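Here's the structure, in structure tokens; my notes come after.
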Amino acid sequence: MLGEAASQGLTQPLFTGTITVKYLRGTPLGPLRSEAWIDRTEGVKAFARGFICDDAGVTVEAEGIFVKPAWAREAE
């Protein structure tokens, strides 16, 4: 989910630099909602954030740093 947001819908190649997942409580089976977005970019890095929630609130938060590989930068 974070990688797809960071790569703008899988349109740009990016490698995962780091990813952090915080489990706030158990995530039940059943209907869930997930959201992810690019928080900011710095040069070749994209910083993404996201969460998963159910009707009672957020169960998981995540953030990651994604890096555009050198071969993709050279192709531009």
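Going through the structure tokens in order, the chains are called A, B, and so on, while each chain numbers its residues from 1 and the ligands are numbered from 1 in the order shown.
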
| message | With only C-alpha atoms as the counted atoms, please give the residues lying no more than 12 Å from Ile52 of chain A, apart from itself and same-chain residues fewer than 4 positions off, as a ChimeraX atom specification. | response | /A:1-2,21-28,31-36,56-63

| request: Just list the residues in chain A DSSP gives strand (DSSP E or B) on the backbone, as JSON, numbers by chain. | output: {"A": [15, 16, 17, 18, 19, 20, 21, 22, 23, 33, 34, 35, 36, 37, 38, 39, 40, 41, 42, 45, 46, 47, 48, 49, 50, 51, 52, 53, 54, 57, 58, 59, 60, 61, 62, 63, 64, 65, 66, 67]}

| note | Using only C-alpha atoms, the shortest atom-to-atom distance to Gly9 of chain A among A:Cys53, A:Ile65, A:Ile38, A:Ala72 belongs to A:Ile38

| field | Straight-line distance linking atom CA of Thr18 of chain A with atom CA of Gly30 of chain A, stated in Å to one decimal | value |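 Separation between atom CA of Thr18 of chain A and atom CA of Gly30 of chain A: 28.6 Å.
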
| query | What gap, in Å, lies between atom CA of Leu29 of chain A and atom CA of Gln8 of chain A? | reply | 28.2 Å

| remark: Computed gap from atom CA of Arg40 of chain A to atom CA of Ala75 of chain A is 22.8 Å

| Selected residue, from A:Glu4, A:Asp39, A:Pro13, A:Asp54, that lies nearest to Lys68 of chain A when counting only C-alpha atoms |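 Smallest separation from Lys68 of chain A among the options: A:Pro13.
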
| query | For Ala48 of chain A, which of A:Gly3, A:Val67, A:Glu74, A:Leu10 is the closest residue, counting only C-alpha atoms? | reply |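 Among the listed residues, the smallest separation from Ala48 of chain A belongs to A:Gly3.
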
| Residues within 6 Å of Ala46 of chain A, only C-alpha atoms, excluding chain neighbours under 2 positions, as a VMD selection string | chain A and resid 6 41 65 to 66

Export of prior selection with C-alpha atoms as an mmCIF file, in the first residue's frame:
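Output file result31.cif follows:
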data_model
loop_
_atom_site.group_PDB
_atom_site.id
_atom_site.type_symbol
_atom_site.label_atom_id
_atom_site.label_comp_id
_atom_site.auth_asym_id
_atom_site.auth_seq_id
_atom_site.Cartn_x
_atom_site.Cartn_y
_atom_site.Cartn_z
ATOM 1 C CA ALA A 6 4.995 6.387 -3.168
ATOM 2 C CA THR A 41 9.684 14.095 -1.279
ATOM 3 C CA ILE A 65 11.039 5.824 2.749
ATOM 4 C CA PHE A 66 11.204 4.815 -0.906
#

| message | Calculated over only C-alpha atoms, which of the candidates A:Ile19, A:Gln12, A:Trp37, A:Glu42 has the smallest distance to Arg73 of chain A? | response |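 So, comparing all the options, the nearest one is A:Gln12.
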
| task | Rank A:Trp71, A:Ser7, A:Thr20, A:Leu14 by their smallest atom-to-atom distance to Gly50 of chain A, using only C-alpha atoms, and report the top residue only. | result | A:Thr20

| So, counting only C-alpha atoms, which residue among A:Asp55, A:Glu76, A:Pro69, A:Arg49 is closest to Ala5 of chain A? |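 Among the listed residues, the smallest separation from Ala5 of chain A belongs to A:Arg49.
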